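Visitor: Pasting a structure below so you can have a look.
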Amino acid sequence: MNKKWVTLGVLGVLVLGGGYWGYEHFKAKPVVASNITAKVKMGDVNKVITATGTVNYPHAITLTFPTTGNSSQAGKIVELNVKEGDTVKAGQVLAKIDETKLETSVLQAQANVTSAESKLRNLEDSFNDQTRAQAQAALAKAQQSLTTAQQNADPSYLANQVSLAEQDVKSASDNLAKAQQSGEASSIQSAQNALNQAINDLTATKNLQNGGAAKALISAQADVTSAQYQVDQQAQGPKTADIQSAQAGIQIAQAQLASAQADLNDAAIVAPVDAVVVSCPLELGQDSDEKSIITITPQGDNLEVDASIDQADISQCKVGQKVDITLDSYPNDHISGTVNAVALQGTTTQNVTTYTVTAMVDQASDLLRAGMNANINIIVAEAKGVLTVPSEAVKTRGNEKGVMVPVTSSTGADQANAAGQSSTKANNAGNASSGNAATGNAATGNAAAGNTGTRNAGAGYAGAGNGAMANVRFVKVETGLDDGTNVEIKSGLEEGQEVIIGTRSSSTTTTTNSTSGFRLGGGGGGANPARAMGGGARGN
């Protein structure tokens, strides 16, 4: 029996000691908590679309030697009169290449024009009055020759001619015999010559009779036909096709001359307007090619920024909207601009469609350079000189928007705290509702059967720790523009009022952003953490 009582005594001591240690160890420790507030103030609210773009000159002019596309016309740069940053006047020669090959091309083109013009002139000259008269005379002569050939080709005429020729041969032969009898050498030679001639005439006459006259007739007829054609051609004038061909040859030659002359004239790069040289990568002595470019921009031409905007935001972008431009290298310097173009056609890359928005810089800035990356904020909506609160101060309760504001009087929230403490004591005494008894010294907020001052002040908001959020109330507001940092307040608050944006404790700072109620901060200590709005403890 003694051992039993000794054992029970030891166990009792252990139970009592453990319970005391557990109580001391786990009991709630109050946390020092305070509200984080901000004042309602007048200000501007700007809703922006942010993007990154590239700085460009909107009216940049690229100048090059027109002959660079033709390697046979390219030349070495022999004159360079500007450098980047120079101001130039309209008509000023900026650079020039060797003109030797270009001058040769001009001379050749001029010769081609002269040749083409001569061809047309000869064609036209062949149909003047003189050539017409010559053609008529040639026709008359050919017709006369035809008449003679026709007479010579008559068979009876040819037979008679042969007979006469034979008689001449016989007579000449007799004369030769007589001369030989006389013995005079001169007479013999003369008679021999006459015989030879008579024999030749007989041979010719027989040839005509044997087809020679017919051939001569055919030839004479051909001559008449040819002469008549020339007369007809002269009457009609030159053919239209020939004239057009000759005229086209002249036009082609003139175009080639103009091109060659233009290449010669463009051997020099000349400023078309008063401008500033943006880039000039040329060097004396280098061959001109497609990279031989001088870029200028008209004087007074402000830079612009081309940025890509996602298709989800492009509908908010309009011409005339203000733009804030910054550079990574100068983040604190702001350059103002204006949207002057919004693309209608998008660009799709890897299934992402973007649209180009162009913002013109309002005033020239030494910070900007063409080709830079720039950050732009397009102001798509703004409210100036309005009441504002931080965005995190606005909460949603059901269909209502509002803010939490501190309560300065002792009524309302103080009564709620008192009711909460009474409920805690009642719970400690065993009279609390099931499942809602307080542990240690933590307050449960809505303990007083729903009729305490807390319901009137904060619609059921409870305090944590030492009750930092107990002395608050929910104020319904009408909001306007929200830029993510500040919210426009149209009604419900006045300038200078304080609104709560969170709580701060010794271990944690909590900013609230609940969509269904105001969650209590502080969560750094105590056995009974804070409860959400509308779900507080049920006391009696």
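Within each chain, counting starts at residue 1; across the structure tokens, chains are named A, B, ... in the order shown, with ligands numbered 1 upward in that order.
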Sorted by chain and rising residue number, which residues of range 221-318 of chain A lie within 8 Å of range 96-104 of chain A, and what are their closest atom pairs and distances in Å to one decimal, counting only C-alpha atoms, as a Markdown table?

Guide:
| residue | atom | partner | partner_atom | distance |
| --- | --- | --- | --- | --- |
| A:Ala260 | CA | A:Leu102 | CA | 6.7 |
| A:Gln261 | CA | A:Leu102 | CA | 7.9 |
| A:Asp263 | CA | A:Leu102 | CA | 6.6 |
| A:Leu264 | CA | A:Leu102 | CA | 5.3 |
| A:Ala267 | CA | A:Ile97 | CA | 5.5 |
| A:Ala268 | CA | A:Lys96 | CA | 4.0 |
| A:Ile269 | CA | A:Lys96 | CA | 6.2 |
| A:Ser288 | CA | A:Ile97 | CA | 7.5 |

Visitor: Which polymer residues have any atom within 12 Å of an atom of range 349-352 of chain A, counting only C-alpha atoms, with same-chain residues fewer than 4 positions away left out, as a list in words?

Guide: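 The residues that qualify are Ser308, Ile309, Asp310, Gln311 and Ala312 of chain A.
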
Visitor: Which one of A:Gln254, A:Thr338, A:Ser226, A:Gln181 sits closest to Gln110 in chain A if you count only C-alpha atoms?

Guide: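 Going through A:Gln254, A:Thr338, A:Ser226, A:Gln181 one by one, the smallest distance to Gln110 in chain A is for A:Gln254.
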
Visitor: Could you give me, as a list in words, the residues within 7 Å of Asp86 in chain A, counting only C-alpha atoms and dropping anything in the same chain fewer than 2 positions from it?

Guide: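 The filter keeps Val82, Lys83, Glu84, Val88, Val276 and Val277 of chain A.
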
Visitor: How would the residues just chosen look if you wrote them out with N, CA, C and O atoms as a short mmCIF file (atom, residue, chain, number, x, y, z; two decimals), in the first residue's frame?

Guide:
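New file again25.cif:
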data_model
loop_
_atom_site.label_atom_id
_atom_site.label_comp_id
_atom_site.auth_asym_id
_atom_site.auth_seq_id
_atom_site.Cartn_x
_atom_site.Cartn_y
_atom_site.Cartn_z
N VAL A 82 32.38 66.19 -95.40
CA VAL A 82 31.62 66.27 -94.16
C VAL A 82 31.99 65.12 -93.23
O VAL A 82 32.61 64.14 -93.65
N LYS A 83 31.54 65.25 -92.00
CA LYS A 83 31.67 64.18 -91.01
C LYS A 83 30.40 64.16 -90.18
O LYS A 83 29.57 65.08 -90.25
N GLU A 84 30.24 63.12 -89.37
CA GLU A 84 29.04 62.98 -88.56
C GLU A 84 28.86 64.18 -87.63
O GLU A 84 29.81 64.63 -86.99
N VAL A 88 24.69 70.87 -92.84
CA VAL A 88 24.92 71.10 -94.26
C VAL A 88 23.75 71.88 -94.85
O VAL A 88 22.64 71.87 -94.32
N VAL A 276 21.29 67.81 -90.94
CA VAL A 276 22.39 67.43 -90.05
C VAL A 276 22.85 66.04 -90.45
O VAL A 276 22.02 65.16 -90.72
N VAL A 277 24.17 65.84 -90.53
CA VAL A 277 24.72 64.54 -90.92
C VAL A 277 24.61 63.59 -89.73
O VAL A 277 25.22 63.82 -88.68
#

Visitor: Can you list every residue in range 281-360 of chain A that DSSP puts in strand (DSSP E), as a PyMOL selection string?

Guide: chain A and resi 293-298+304-310+322-327+330-342+347-349+352-360

Visitor: Residues at most 6 Å from range 317-328 of chain A, counting only C-alpha atoms, excluding those fewer than 4 positions away in the same chain, as a ChimeraX atom specification?

Guide: /A:334-341,374-379

Visitor: Could those residues be written to a file, using C-alpha atoms, as a PDB file, in the first residue's frame?

Guide:
ATOM      1  CA  HIS A 334      12.121  61.969 -68.256  1.00  0.00           C
ATOM      2  CA  ILE A 335      11.503  63.034 -71.840  1.00  0.00           C
ATOM      3  CA  SER A 336       8.000  63.863 -72.967  1.00  0.00           C
ATOM      4  CA  GLY A 337       6.524  62.635 -76.222  1.00  0.00           C
ATOM      5  CA  THR A 338       3.255  62.180 -78.083  1.00  0.00           C
ATOM      6  CA  VAL A 339       1.824  59.178 -79.930  1.00  0.00           C
ATOM      7  CA  ASN A 340       1.660  60.144 -83.609  1.00  0.00           C
ATOM      8  CA  ALA A 341       1.055  56.740 -85.256  1.00  0.00           C
ATOM      9  CA  ALA A 374      14.132  53.528 -74.810  1.00  0.00           C
ATOM     10  CA  ASN A 375      11.485  52.733 -72.209  1.00  0.00           C
ATOM     11  CA  ILE A 376       8.124  54.346 -72.857  1.00  0.00           C
ATOM     12  CA  ASN A 377       5.029  54.763 -70.722  1.00  0.00           C
ATOM     13  CA  ILE A 378       1.972  55.571 -72.826  1.00  0.00           C
ATOM     14  CA  ILE A 379      -0.584  57.449 -70.723  1.00  0.00           C
TER      15      ILE A 379
END

Visitor: Do a neighbour search on Thr356 in chain A at 10 Å with only C-alpha atoms, toss out local chain neighbours closer than 5 positions, and write the hits as a JSON list (two decimals) with N, CA and C atoms, in the first residue's frame.

Guide:
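What follows is the written file result.json:
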[["chain", "number", "residue", "atom", "x", "y", "z"],
["A", 53, "GLY", "N", 11.20, 50.43, -76.82],
["A", 53, "GLY", "CA", 11.27, 50.71, -78.25],
["A", 53, "GLY", "C", 12.64, 51.15, -78.67],
["A", 305, "VAL", "N", 10.26, 57.28, -81.19],
["A", 305, "VAL", "CA", 10.49, 55.95, -80.64],
["A", 305, "VAL", "C", 9.45, 55.00, -81.20],
["A", 306, "ASP", "N", 9.91, 53.92, -81.82],
["A", 306, "ASP", "CA", 9.01, 52.88, -82.33],
["A", 306, "ASP", "C", 9.00, 51.73, -81.32],
["A", 307, "ALA", "N", 7.82, 51.44, -80.78],
["A", 307, "ALA", "CA", 7.70, 50.39, -79.76],
["A", 307, "ALA", "C", 6.65, 49.37, -80.18],
["A", 308, "SER", "N", 6.84, 48.13, -79.74],
["A", 308, "SER", "CA", 5.90, 47.05, -80.04],
["A", 308, "SER", "C", 4.95, 46.87, -78.86],
["A", 309, "ILE", "N", 3.65, 46.94, -79.14],
["A", 309, "ILE", "CA", 2.61, 46.84, -78.11],
["A", 309, "ILE", "C", 1.83, 45.56, -78.33],
["A", 310, "ASP", "N", 1.59, 44.83, -77.25],
["A", 310, "ASP", "CA", 0.84, 43.58, -77.34],
["A", 310, "ASP", "C", -0.58, 43.84, -77.83],
["A", 314, "ILE", "N", -3.29, 47.15, -77.50],
["A", 314, "ILE", "CA", -3.21, 48.10, -78.61],
["A", 314, "ILE", "C", -4.49, 48.90, -78.77],
["A", 341, "ALA", "N", 1.43, 57.79, -84.31],
["A", 341, "ALA", "CA", 1.05, 56.74, -85.26],
["A", 341, "ALA", "C", 0.81, 55.44, -84.51],
["A", 342, "VAL", "N", -0.28, 54.76, -84.87],
["A", 342, "VAL", "CA", -0.60, 53.44, -84.32],
["A", 342, "VAL", "C", -0.83, 52.50, -85.50],
["A", 343, "ALA", "N", -0.02, 51.46, -85.60],
["A", 343, "ALA", "CA", -0.08, 50.56, -86.76],
["A", 343, "ALA", "C", -1.43, 49.85, -86.83],
["A", 344, "LEU", "N", -1.93, 49.68, -88.04],
["A", 344, "LEU", "CA", -3.16, 48.92, -88.26],
["A", 344, "LEU", "C", -2.85, 47.45, -88.53],
["A", 345, "GLN", "N", -1.65, 47.18, -89.05],
["A", 345, "GLN", "CA", -1.24, 45.81, -89.36],
["A", 345, "GLN", "C", -0.26, 45.33, -88.31],
["A", 346, "GLY", "N", -0.55, 44.18, -87.72],
["A", 346, "GLY", "CA", 0.32, 43.63, -86.69],
["A", 346, "GLY", "C", 1.39, 42.72, -87.28],
["A", 347, "THR", "N", 2.36, 42.38, -86.41],
["A", 347, "THR", "CA", 3.44, 41.45, -86.77],
["A", 347, "THR", "C", 3.38, 40.28, -85.81]]

Visitor: Hey, could you make a per-residue contact list for range 181-270 of chain A against range 140-144 of chain A with 12 Å as the cut-off, showing the nearest pair of atoms and its distance in Å to one decimal, counting only C-alpha atoms, sorted by chain and number, as JSON lines?

Guide:
{"residue": "A:Leu217", "atom": "CA", "partner": "A:Gln143", "partner_atom": "CA", "distance": 11.1}
{"residue": "A:Ile218", "atom": "CA", "partner": "A:Ala142", "partner_atom": "CA", "distance": 11.8}
{"residue": "A:Ser219", "atom": "CA", "partner": "A:Ala142", "partner_atom": "CA", "distance": 9.8}
{"residue": "A:Ala220", "atom": "CA", "partner": "A:Ala142", "partner_atom": "CA", "distance": 6.6}
{"residue": "A:Gln221", "atom": "CA", "partner": "A:Ala142", "partner_atom": "CA", "distance": 7.9}
{"residue": "A:Ala222", "atom": "CA", "partner": "A:Ala142", "partner_atom": "CA", "distance": 8.8}
{"residue": "A:Asp223", "atom": "CA", "partner": "A:Ala142", "partner_atom": "CA", "distance": 5.7}
{"residue": "A:Val224", "atom": "CA", "partner": "A:Ala142", "partner_atom": "CA", "distance": 4.9}
{"residue": "A:Thr225", "atom": "CA", "partner": "A:Ala142", "partner_atom": "CA", "distance": 8.6}
{"residue": "A:Ser226", "atom": "CA", "partner": "A:Ala142", "partner_atom": "CA", "distance": 8.9}
{"residue": "A:Ala227", "atom": "CA", "partner": "A:Ala142", "partner_atom": "CA", "distance": 7.0}
{"residue": "A:Gln228", "atom": "CA", "partner": "A:Ala142", "partner_atom": "CA", "distance": 9.1}
{"residue": "A:Val231", "atom": "CA", "partner": "A:Ala140", "partner_atom": "CA", "distance": 10.6}

Visitor: Which polymer residues have any atom within 8 Å of an atom of Ile500 in chain A, counting only C-alpha atoms, with same-chain residues fewer than 3 positions away left out, as a list in words?

Guide: Asn35, Ile36, Thr37, Ala38, Ala393, Val403, Met404, Val405, Pro406 and Thr503 of chain A

Visitor: Please, could you write that set of residues out with N, CA, C and O atoms as an mmCIF file, in the first residue's frame?

Guide:
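Printed below is out39.cif as written:
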data_model
loop_
_atom_site.group_PDB
_atom_site.id
_atom_site.type_symbol
_atom_site.label_atom_id
_atom_site.label_comp_id
_atom_site.auth_asym_id
_atom_site.auth_seq_id
_atom_site.Cartn_x
_atom_site.Cartn_y
_atom_site.Cartn_z
ATOM 1 N N ASN A 35 -1.124 50.044 -36.659
ATOM 2 C CA ASN A 35 -1.636 50.199 -38.009
ATOM 3 C C ASN A 35 -0.649 50.988 -38.871
ATOM 4 O O ASN A 35 0.000 51.920 -38.397
ATOM 5 N N ILE A 36 -0.596 50.609 -40.172
ATOM 6 C CA ILE A 36 0.142 51.397 -41.160
ATOM 7 C C ILE A 36 -0.887 52.210 -41.912
ATOM 8 O O ILE A 36 -1.822 51.650 -42.489
ATOM 9 N N THR A 37 -0.736 53.492 -41.892
ATOM 10 C CA THR A 37 -1.746 54.364 -42.488
ATOM 11 C C THR A 37 -1.141 55.258 -43.567
ATOM 12 O O THR A 37 0.071 55.426 -43.650
ATOM 13 N N ALA A 38 -2.019 55.781 -44.388
ATOM 14 C CA ALA A 38 -1.652 56.773 -45.397
ATOM 15 C C ALA A 38 -2.768 57.800 -45.449
ATOM 16 O O ALA A 38 -3.911 57.505 -45.126
ATOM 17 N N ALA A 393 -5.067 50.273 -50.193
ATOM 18 C CA ALA A 393 -6.017 50.663 -49.155
ATOM 19 C C ALA A 393 -7.449 50.274 -49.518
ATOM 20 O O ALA A 393 -8.302 50.138 -48.641
ATOM 21 N N VAL A 403 -12.628 51.445 -47.701
ATOM 22 C CA VAL A 403 -11.324 51.488 -47.037
ATOM 23 C C VAL A 403 -11.541 51.369 -45.545
ATOM 24 O O VAL A 403 -12.634 51.645 -45.024
ATOM 25 N N MET A 404 -10.498 50.935 -44.840
ATOM 26 C CA MET A 404 -10.536 50.909 -43.377
ATOM 27 C C MET A 404 -9.898 52.189 -42.871
ATOM 28 O O MET A 404 -8.810 52.583 -43.328
ATOM 29 N N VAL A 405 -10.601 52.854 -41.950
ATOM 30 C CA VAL A 405 -10.075 54.094 -41.367
ATOM 31 C C VAL A 405 -10.022 53.935 -39.850
ATOM 32 O O VAL A 405 -10.849 53.231 -39.255
ATOM 33 N N PRO A 406 -9.035 54.534 -39.184
ATOM 34 C CA PRO A 406 -8.960 54.456 -37.713
ATOM 35 C C PRO A 406 -10.133 55.176 -37.068
ATOM 36 O O PRO A 406 -10.655 56.162 -37.596
ATOM 37 N N THR A 503 -0.829 46.464 -41.261
ATOM 38 C CA THR A 503 -0.438 46.513 -39.844
ATOM 39 C C THR A 503 1.024 46.145 -39.729
ATOM 40 O O THR A 503 1.605 45.462 -40.571
#

Visitor: Nearest to Val407 in chain A: which of A:Ala364, A:Val386, A:Ile243, A:Val472 is it, counting only C-alpha atoms?

Guide: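 So, comparing all the options, the nearest one is A:Val472.
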
Visitor: I'd like the contact shell of range 478-483 of chain A - 10 Å cut-off, only C-alpha atoms, skipping same-chain residues fewer than 4 positions apart - returned as a list of chain:residue names.

Guide: A:Asp44, A:Val45, A:Asn46, A:Lys47, A:Val48, A:Ala381, A:Glu382, A:Ala383, A:Val386, A:Leu387, A:Thr388, A:Val389, A:Pro390, A:Ser391, A:Val394, A:Glu400, A:Lys401, A:Gly402, A:Val487, A:Glu488, A:Ile489, A:Lys490, A:Ser491, A:Gly492, A:Leu493

Visitor: Restricted to N, CA and C atoms, what would the selected residues look like written as an mmCIF file, in the first residue's frame?

Guide:
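What ended up in part11.cif:
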data_model
loop_
_atom_site.group_PDB
_atom_site.id
_atom_site.type_symbol
_atom_site.label_atom_id
_atom_site.label_comp_id
_atom_site.auth_asym_id
_atom_site.auth_seq_id
_atom_site.Cartn_x
_atom_site.Cartn_y
_atom_site.Cartn_z
ATOM 1 N N ASP A 44 -2.430 63.166 -58.958
ATOM 2 C CA ASP A 44 -2.752 62.710 -60.308
ATOM 3 C C ASP A 44 -2.681 61.186 -60.362
ATOM 4 N N VAL A 45 -3.599 60.610 -61.126
ATOM 5 C CA VAL A 45 -3.593 59.157 -61.344
ATOM 6 C C VAL A 45 -3.456 58.927 -62.846
ATOM 7 N N ASN A 46 -2.416 58.209 -63.221
ATOM 8 C CA ASN A 46 -2.141 57.946 -64.631
ATOM 9 C C ASN A 46 -2.096 56.448 -64.882
ATOM 10 N N LYS A 47 -2.929 55.981 -65.823
ATOM 11 C CA LYS A 47 -2.871 54.594 -66.239
ATOM 12 C C LYS A 47 -1.999 54.511 -67.476
ATOM 13 N N VAL A 48 -0.978 53.673 -67.437
ATOM 14 C CA VAL A 48 -0.004 53.647 -68.525
ATOM 15 C C VAL A 48 0.162 52.236 -69.085
ATOM 16 N N ALA A 381 -4.903 56.822 -69.858
ATOM 17 C CA ALA A 381 -5.981 57.471 -69.101
ATOM 18 C C ALA A 381 -5.351 58.229 -67.949
ATOM 19 N N GLU A 382 -5.942 59.357 -67.558
ATOM 20 C CA GLU A 382 -5.378 60.130 -66.463
ATOM 21 C C GLU A 382 -6.478 60.942 -65.779
ATOM 22 N N ALA A 383 -6.252 61.128 -64.504
ATOM 23 C CA ALA A 383 -7.136 61.974 -63.708
ATOM 24 C C ALA A 383 -6.243 62.917 -62.916
ATOM 25 N N VAL A 386 -7.104 65.081 -58.307
ATOM 26 C CA VAL A 386 -8.219 64.358 -57.677
ATOM 27 C C VAL A 386 -7.768 63.795 -56.340
ATOM 28 N N LEU A 387 -8.749 63.407 -55.506
ATOM 29 C CA LEU A 387 -8.427 62.736 -54.254
ATOM 30 C C LEU A 387 -7.879 61.349 -54.560
ATOM 31 N N THR A 388 -6.814 60.960 -53.873
ATOM 32 C CA THR A 388 -6.204 59.651 -54.134
ATOM 33 C C THR A 388 -5.857 58.961 -52.822
ATOM 34 N N VAL A 389 -5.862 57.641 -52.868
ATOM 35 C CA VAL A 389 -5.336 56.817 -51.780
ATOM 36 C C VAL A 389 -4.485 55.733 -52.419
ATOM 37 N N PRO A 390 -3.571 55.124 -51.664
ATOM 38 C CA PRO A 390 -2.809 54.012 -52.216
ATOM 39 C C PRO A 390 -3.739 52.877 -52.640
ATOM 40 N N SER A 391 -3.367 52.193 -53.702
ATOM 41 C CA SER A 391 -4.215 51.131 -54.249
ATOM 42 C C SER A 391 -4.490 50.044 -53.224
ATOM 43 N N VAL A 394 -7.742 50.094 -50.783
ATOM 44 C CA VAL A 394 -9.115 49.827 -51.227
ATOM 45 C C VAL A 394 -9.407 48.335 -51.120
ATOM 46 N N GLU A 400 -19.396 45.925 -52.589
ATOM 47 C CA GLU A 400 -19.017 47.274 -52.185
ATOM 48 C C GLU A 400 -17.506 47.400 -52.094
ATOM 49 N N LYS A 401 -17.025 48.593 -52.457
ATOM 50 C CA LYS A 401 -15.626 48.929 -52.267
ATOM 51 C C LYS A 401 -15.505 49.941 -51.150
ATOM 52 N N GLY A 402 -14.449 49.801 -50.378
ATOM 53 C CA GLY A 402 -14.266 50.715 -49.272
ATOM 54 C C GLY A 402 -12.855 50.669 -48.749
ATOM 55 N N VAL A 487 -5.313 55.181 -56.350
ATOM 56 C CA VAL A 487 -6.685 55.055 -56.823
ATOM 57 C C VAL A 487 -7.374 56.405 -56.670
ATOM 58 N N GLU A 488 -8.115 56.798 -57.692
ATOM 59 C CA GLU A 488 -8.910 58.012 -57.619
ATOM 60 C C GLU A 488 -10.143 57.757 -56.747
ATOM 61 N N ILE A 489 -10.386 58.629 -55.771
ATOM 62 C CA ILE A 489 -11.559 58.538 -54.890
ATOM 63 C C ILE A 489 -12.541 59.631 -55.290
ATOM 64 N N LYS A 490 -13.712 59.207 -55.787
ATOM 65 C CA LYS A 490 -14.712 60.166 -56.236
ATOM 66 C C LYS A 490 -15.627 60.619 -55.099
ATOM 67 N N SER A 491 -15.878 59.745 -54.143
ATOM 68 C CA SER A 491 -16.709 60.121 -53.005
ATOM 69 C C SER A 491 -16.441 59.163 -51.852
ATOM 70 N N GLY A 492 -16.776 59.640 -50.618
ATOM 71 C CA GLY A 492 -16.634 58.803 -49.425
ATOM 72 C C GLY A 492 -15.528 59.235 -48.510
ATOM 73 N N LEU A 493 -14.552 59.996 -48.998
ATOM 74 C CA LEU A 493 -13.430 60.434 -48.174
ATOM 75 C C LEU A 493 -13.155 61.910 -48.414
#

Visitor: Could you tell me how far CA of Thr64 in chain A sits from CA of Ile252 in chain A, in Å to one decimal place?

Guide: 26.2 Å

Visitor: What does the distance from CA of Thr54 in chain A to CA of Asn373 in chain A come to in Å, to one decimal?

Guide: 4.7 Å

Visitor: Let me make sure I understand: among A:Gln256, A:Asn265, A:Thr485, A:Gln230, which one has the smallest atom-to-atom distance to Arg132 in chain A if we use only C-alpha atoms?

Guide: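 Of A:Gln256, A:Asn265, A:Thr485, A:Gln230, the one nearest Arg132 in chain A is A:Gln230, counting only C-alpha atoms.
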
Visitor: Nearest to Ala248 in chain A: which of A:Gly385, A:Ala116, A:Tyr157, A:Lys476 is it, counting only C-alpha atoms?

Guide: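 Result for the nearest residue to Ala248 in chain A: A:Ala116.
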
Visitor: At what distance in Å, to one decimal, does CA of Ala204 in chain A lie from CA of Gln161 in chain A?

Guide: 10.0 Å

Visitor: Using only C-alpha atoms, find the one residue out of A:Gln197, A:Asn175, A:Ser279, A:Asn56 that sits nearest to Asp301 in chain A.

Guide: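 The answer is A:Asn56, which sits nearest to Asp301 in chain A.
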
Visitor: From a DSSP calculation on the backbone, collect every residue of range 87-296 of chain A in alpha helix (DSSP H) and output the set as JSON, numbers by chain.

Guide: {"A": [100, 101, 102, 103, 104, 105, 106, 107, 108, 109, 110, 111, 112, 113, 114, 115, 116, 117, 118, 119, 120, 121, 122, 123, 124, 125, 129, 130, 131, 132, 133, 134, 135, 136, 137, 138, 139, 140, 141, 142, 143, 144, 145, 146, 147, 148, 149, 150, 151, 152, 155, 156, 157, 158, 159, 160, 161, 162, 163, 164, 165, 166, 167, 168, 169, 170, 171, 172, 173, 174, 175, 176, 177, 178, 179, 180, 181, 182, 185, 186, 187, 188, 189, 190, 191, 192, 193, 194, 195, 196, 197, 198, 199, 200, 201, 202, 203, 204, 205, 206, 207, 213, 214, 215, 216, 217, 218, 219, 220, 221, 222, 223, 224, 225, 226, 227, 228, 229, 230, 231, 232, 233, 234, 235, 236, 240, 241, 242, 243, 244, 245, 246, 247, 248, 249, 250, 251, 252, 253, 254, 255, 256, 257, 258, 259, 260, 261, 262, 263, 264, 265]}
